[in-house]
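Peer 1: File target.pdb below, PDB, C-alpha atoms, pLDDT in the B column:
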```pdb
ATOM      1  CA  MET A  20     128.422 -41.306 -35.705  1.00 42.00           C
ATOM      2  CA  HIS A  21     129.047 -40.218 -39.231  1.00 42.00           C
ATOM      3  CA  TRP A  22     127.104 -37.164 -40.503  1.00 42.00           C
ATOM      4  CA  ALA A  23     126.200 -38.899 -43.776  1.00 45.00           C
ATOM      5  CA  LEU A  24     124.060 -41.347 -41.793  1.00 44.00           C
ATOM      6  CA  VAL A  25     122.223 -38.626 -39.882  1.00 40.00           C
ATOM      7  CA  ALA A  26     121.860 -36.012 -42.632  1.00 43.00           C
ATOM      8  CA  PRO A  27     118.852 -37.621 -44.350  1.00 45.00           C
ATOM      9  CA  LEU A  28     117.000 -37.682 -41.022  1.00 42.00           C
ATOM     10  CA  VAL A  29     117.553 -34.012 -40.242  1.00 46.00           C
ATOM     11  CA  SER A  30     116.128 -31.336 -42.483  1.00 50.00           C
ATOM     12  CA  THR A  31     118.501 -28.397 -42.662  1.00 52.00           C
ATOM     13  CA  PRO A  32     116.896 -25.417 -44.350  1.00 53.00           C
ATOM     14  CA  SER A  33     119.221 -22.790 -45.729  1.00 57.00           C
ATOM     15  CA  SER A  34     118.171 -20.093 -43.239  1.00 63.00           C
ATOM     16  CA  PRO A  35     116.333 -19.714 -39.928  1.00 61.00           C
ATOM     17  CA  ASN A  36     113.782 -17.504 -41.709  1.00 62.00           C
ATOM     18  CA  GLN A  37     112.740 -20.470 -43.843  1.00 64.00           C
ATOM     19  CA  VAL A  38     112.140 -22.530 -40.715  1.00 61.00           C
ATOM     20  CA  LEU A  39     110.072 -19.751 -39.185  1.00 60.00           C
ATOM     21  CA  SER A  40     108.016 -19.134 -42.309  1.00 65.00           C
ATOM     22  CA  SER A  41     107.417 -22.847 -42.921  1.00 68.00           C
ATOM     23  CA  HIS A  42     105.937 -23.338 -39.456  1.00 70.00           C
ATOM     24  CA  LEU A  43     104.234 -19.971 -39.000  1.00 75.00           C
ATOM     25  CA  ASN A  44     100.728 -20.910 -40.127  1.00 76.00           C
ATOM     26  CA  LYS A  45     100.964 -24.196 -38.220  1.00 81.00           C
ATOM     27  CA  ALA A  46     101.979 -22.317 -35.065  1.00 81.00           C
ATOM     28  CA  VAL A  47      99.051 -19.944 -35.583  1.00 81.00           C
ATOM     29  CA  LEU A  48      96.702 -22.917 -35.833  1.00 84.00           C
ATOM     30  CA  ALA A  49      98.236 -24.530 -32.746  1.00 85.00           C
ATOM     31  CA  CYS A  50      97.851 -21.244 -30.872  1.00 84.00           C
ATOM     32  CA  GLY A  51      94.226 -21.080 -31.989  1.00 85.00           C
ATOM     33  CA  LEU A  52      93.630 -24.610 -30.761  1.00 87.00           C
ATOM     34  CA  PHE A  53      95.162 -23.717 -27.398  1.00 84.00           C
ATOM     35  CA  ASP A  54      93.131 -20.498 -27.288  1.00 84.00           C
ATOM     36  CA  GLY A  55      89.878 -22.279 -28.031  1.00 86.00           C
ATOM     37  CA  PHE A  56      90.505 -24.905 -25.390  1.00 87.00           C
ATOM     38  CA  THR A  57      91.759 -22.362 -22.841  1.00 83.00           C
ATOM     39  CA  TYR A  58      88.929 -19.872 -23.339  1.00 83.00           C
ATOM     40  CA  THR A  59      86.311 -22.621 -23.178  1.00 86.00           C
ATOM     41  CA  THR A  60      87.853 -24.151 -20.061  1.00 85.00           C
ATOM     42  CA  PHE A  61      88.236 -20.838 -18.241  1.00 82.00           C
ATOM     43  CA  PHE A  62      84.735 -19.796 -19.256  1.00 83.00           C
ATOM     44  CA  VAL A  63      83.297 -22.930 -17.672  1.00 84.00           C
ATOM     45  CA  MET A  64      85.470 -22.526 -14.556  1.00 83.00           C
ATOM     46  CA  ALA A  65      84.573 -18.840 -14.163  1.00 80.00           C
ATOM     47  CA  PHE A  66      80.914 -19.584 -14.812  1.00 81.00           C
ATOM     48  CA  LEU A  67      80.773 -22.324 -12.182  1.00 83.00           C
ATOM     49  CA  GLY A  68      82.765 -20.284  -9.656  1.00 81.00           C
ATOM     50  CA  SER A  69      80.574 -17.239 -10.124  1.00 77.00           C
ATOM     51  CA  GLU A  70      77.430 -19.324  -9.947  1.00 79.00           C
ATOM     52  CA  LYS A  71      78.578 -20.986  -6.725  1.00 82.00           C
ATOM     53  CA  SER A  72      79.576 -17.713  -5.044  1.00 79.00           C
ATOM     54  CA  THR A  73      76.503 -15.668  -6.047  1.00 77.00           C
ATOM     55  CA  GLY A  74      73.893 -18.382  -6.416  1.00 77.00           C
ATOM     56  CA  LYS A  75      72.725 -16.755  -9.656  1.00 75.00           C
ATOM     57  CA  ASN A  76      73.158 -17.581 -13.318  1.00 73.00           C
ATOM     58  CA  PRO A  77      76.259 -15.578 -14.321  1.00 72.00           C
ATOM     59  CA  ALA A  78      75.184 -15.302 -17.953  1.00 69.00           C
ATOM     60  CA  ALA A  79      71.975 -13.542 -16.998  1.00 69.00           C
ATOM     61  CA  LYS A  80      72.995 -11.664 -13.844  1.00 66.00           C
ATOM     62  CA  SER A  81      76.716 -10.805 -13.898  1.00 65.00           C
ATOM     63  CA  PRO A  82      78.353 -11.391 -17.285  1.00 69.00           C
ATOM     64  CA  VAL A  83      81.093  -8.798 -16.621  1.00 73.00           C
ATOM     65  CA  LEU A  84      82.388 -10.716 -13.600  1.00 68.00           C
ATOM     66  CA  ASN A  85      82.469 -13.910 -15.637  1.00 70.00           C
ATOM     67  CA  VAL A  86      84.460 -12.205 -18.406  1.00 74.00           C
ATOM     68  CA  LYS A  87      86.942 -10.764 -15.864  1.00 77.00           C
ATOM     69  CA  LEU A  88      87.547 -14.164 -14.295  1.00 73.00           C
ATOM     70  CA  MET A  89      87.887 -15.844 -17.682  1.00 75.00           C
ATOM     71  CA  TRP A  90      90.262 -13.177 -18.989  1.00 77.00           C
ATOM     72  CA  THR A  91      92.455 -13.390 -15.861  1.00 79.00           C
ATOM     73  CA  GLY A  92      92.848 -17.134 -16.168  1.00 75.00           C
ATOM     74  CA  TYR A  93      93.491 -16.826 -19.870  1.00 76.00           C
ATOM     75  CA  ASN A  94      96.279 -14.254 -19.440  1.00 80.00           C
ATOM     76  CA  ILE A  95      98.012 -16.241 -16.716  1.00 83.00           C
ATOM     77  CA  THR A  96      98.533 -19.127 -19.140  1.00 80.00           C
ATOM     78  CA  ARG A  97      99.824 -17.028 -22.069  1.00 82.00           C
ATOM     79  CA  PRO A  98     103.523 -18.073 -21.888  1.00 83.00           C
ATOM     80  CA  PHE A  99     102.561 -21.743 -21.751  1.00 84.00           C
ATOM     81  CA  ARG A 100     100.204 -21.411 -24.704  1.00 82.00           C
ATOM     82  CA  VAL A 101     102.774 -19.628 -26.868  1.00 82.00           C
ATOM     83  CA  ALA A 102     105.501 -22.141 -26.028  1.00 85.00           C
ATOM     84  CA  GLY A 103     103.113 -25.031 -26.592  1.00 83.00           C
ATOM     85  CA  ALA A 104     102.024 -23.625 -29.945  1.00 83.00           C
ATOM     86  CA  ALA A 105     105.626 -23.347 -31.102  1.00 81.00           C
ATOM     87  CA  ALA A 106     106.335 -26.887 -29.966  1.00 84.00           C
ATOM     88  CA  LEU A 107     103.228 -28.294 -31.653  1.00 85.00           C
ATOM     89  CA  ALA A 108     103.789 -26.623 -35.025  1.00 84.00           C
ATOM     90  CA  PRO A 109     105.566 -29.636 -36.606  1.00 86.00           C
ATOM     91  CA  LEU A 110     102.845 -31.999 -35.351  1.00 88.00           C
ATOM     92  CA  ILE A 111     100.137 -29.701 -36.683  1.00 88.00           C
ATOM     93  CA  ASP A 112     101.943 -29.710 -40.034  1.00 87.00           C
ATOM     94  CA  LYS A 113     101.816 -33.513 -40.158  1.00 91.00           C
ATOM     95  CA  ALA A 114      98.161 -33.566 -39.094  1.00 91.00           C
ATOM     96  CA  LEU A 115      97.180 -30.994 -41.743  1.00 90.00           C
ATOM     97  CA  LYS A 116      98.950 -33.014 -44.426  1.00 91.00           C
ATOM     98  CA  LYS A 117      97.097 -36.155 -43.342  1.00 94.00           C
ATOM     99  CA  ILE A 118      93.777 -34.299 -43.455  1.00 93.00           C
ATOM    100  CA  GLN A 119      94.671 -32.916 -46.882  1.00 93.00           C
ATOM    101  CA  ARG A 120      95.427 -36.411 -48.208  1.00 95.00           C
ATOM    102  CA  TYR A 121      92.358 -37.976 -46.581  1.00 95.00           C
ATOM    103  CA  PHE A 122      89.894 -35.443 -48.012  1.00 93.00           C
ATOM    104  CA  ASP A 123      91.911 -34.962 -51.222  1.00 93.00           C
ATOM    105  CA  PHE A 124      92.107 -31.184 -50.768  1.00 92.00           C
ATOM    106  CA  PRO A 125      94.135 -29.280 -53.391  1.00 91.00           C
ATOM    107  CA  ASN A 126      96.252 -27.505 -50.729  1.00 89.00           C
ATOM    108  CA  LEU A 127      96.692 -27.091 -46.975  1.00 87.00           C
ATOM    109  CA  VAL A 128      94.464 -24.021 -46.763  1.00 87.00           C
ATOM    110  CA  TYR A 129      91.370 -26.211 -46.987  1.00 91.00           C
ATOM    111  CA  ALA A 130      92.608 -28.506 -44.216  1.00 90.00           C
ATOM    112  CA  PHE A 131      93.463 -25.437 -42.133  1.00 88.00           C
ATOM    113  CA  ALA A 132      89.959 -24.014 -42.643  1.00 91.00           C
ATOM    114  CA  LEU A 133      88.360 -27.361 -41.779  1.00 93.00           C
ATOM    115  CA  VAL A 134      90.259 -27.653 -38.503  1.00 91.00           C
ATOM    116  CA  VAL A 135      89.544 -24.034 -37.548  1.00 90.00           C
ATOM    117  CA  SER A 136      85.838 -24.492 -38.310  1.00 94.00           C
ATOM    118  CA  LEU A 137      85.589 -27.700 -36.288  1.00 94.00           C
ATOM    119  CA  VAL A 138      87.383 -26.250 -33.267  1.00 91.00           C
ATOM    120  CA  ALA A 139      85.375 -23.014 -33.343  1.00 91.00           C
ATOM    121  CA  ALA A 140      82.086 -24.894 -33.685  1.00 94.00           C
ATOM    122  CA  SER A 141      83.016 -27.246 -30.840  1.00 93.00           C
ATOM    123  CA  CYS A 142      84.003 -24.435 -28.471  1.00 89.00           C
ATOM    124  CA  LEU A 143      80.921 -22.375 -29.262  1.00 90.00           C
ATOM    125  CA  ALA A 144      78.697 -25.427 -28.856  1.00 93.00           C
ATOM    126  CA  VAL A 145      80.159 -26.226 -25.435  1.00 89.00           C
ATOM    127  CA  VAL A 146      79.746 -22.633 -24.224  1.00 85.00           C
ATOM    128  CA  GLY A 147      76.262 -22.277 -25.701  1.00 86.00           C
ATOM    129  CA  LEU A 148      74.992 -25.564 -24.324  1.00 86.00           C
ATOM    130  CA  PHE A 149      76.519 -24.789 -20.943  1.00 81.00           C
ATOM    131  CA  ILE A 150      74.744 -21.419 -20.772  1.00 79.00           C
ATOM    132  CA  LEU A 151      71.455 -22.906 -21.941  1.00 82.00           C
ATOM    133  CA  SER A 152      71.669 -25.740 -19.413  1.00 79.00           C
ATOM    134  CA  ARG A 153      71.806 -23.178 -16.579  1.00 74.00           C
ATOM    135  CA  TRP A 154      69.399 -20.601 -18.015  1.00 72.00           C
ATOM    136  CA  GLY A 155      66.323 -21.582 -15.976  1.00 67.00           C
ATOM    137  CA  LYS A 156      68.145 -21.528 -12.633  1.00 60.00           C
TER     138      LYS A 156
END
```
Write out the structure in this file as structure tokens.
Peer 2:
Amino acid sequence: MHWALVAPLVSTPSSPNQVLSSHLNKAVLACGLFDGFTYTTFFVMAFLGSEKSTGKNPAAKSPVLNVKLMWTGYNITRPFRVAGAAALAPLIDKALKKIQRYFDFPNLVYAFALVVSLVAASCLAVVGLFILSRWGK
């Protein structure tokens, strides 16, 4: 295959530092998305496990145990989250650009802030509603 046919399909920045800097904020967002999902998931798993083993509401009776279990599960998955964030950075870049065009934002910072706000609100809502649903038990 001739390089002239492939060259337009492959972006070749002048240095590896440009590649890193162009995807850094997207990798941070991807890592945040993974973190939000992972923390929420491990919180629910630790909460249910603690509730089943003690028979008490972990949020009211033993919050330290719940945090230990959640933190352990979170740290076990760290290499997978970091690798996944690096792999998702180009997809996050495309998604942010689509959001920017859809909402007609002046730059990507607004799309970034929108996604962060939506993910944070969703994770906090899940955790809060989960705790409140078990509060009377």
Peer 1: Which residues are near Asp112 (chain A)? Cut-off 6 Å, all atoms listed in the file, ignore same chain within fewer than 3 positions. Put them as a ChimeraX atom specification.
Peer 2: /A:45,109,115
Peer 1: Write out, as a PDB file, keeping the file's coordinate frame, the residues just selected, with C-alpha atoms.
Peer 2:
```pdb
ATOM      1  CA  LYS A  45     100.964 -24.196 -38.220  1.00 81.00           C
ATOM      2  CA  PRO A 109     105.566 -29.636 -36.606  1.00 86.00           C
ATOM      3  CA  LEU A 115      97.180 -30.994 -41.743  1.00 90.00           C
TER       4      LEU A 115
END
```
Peer 1: Quick one: of A:Val145, A:Ala105, A:Gly74, A:Phe62, who's nearest to Val86 (chain A), counting only C-alpha atoms?
Peer 2: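 When distances to Val86 (chain A) are compared using only C-alpha atoms, the smallest one comes from A:Phe62.
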Peer 1: Mind giving me the straight-line distance from CA of Pro77 (chain A) to CA of Tyr58 (chain A) in Å, one decimal?
Peer 2: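 Here the two named atoms are 16.1 Å from each other.
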Peer 1: Tell me which of A:Phe124, A:Trp154, A:Leu133, A:His42 sits closest to Leu110 (chain A), counting all atoms listed in the file.
Peer 2: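 The closest residue to Leu110 (chain A) is A:His42.
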Peer 1: So that I can see what lies close to Ala49 (chain A), please list as number ranges by chain the residues with an atom at most 7 Å from it, counting all atoms listed in the file and leaving out residues fewer than 5 positions away in the same chain.
Peer 2: A: 104, 107-108, 111
Peer 1: Next, write the just-selected residues to a file, as a CSV table (one decimal), in the coordinates of the input, keeping C-alpha atoms as the atom set.
Peer 2:
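Saved file result_21.csv follows:
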```
chain,number,residue,atom,x,y,z
A,104,ALA,CA,102.0,-23.6,-29.9
A,107,LEU,CA,103.2,-28.3,-31.7
A,108,ALA,CA,103.8,-26.6,-35.0
A,111,ILE,CA,100.1,-29.7,-36.7
```
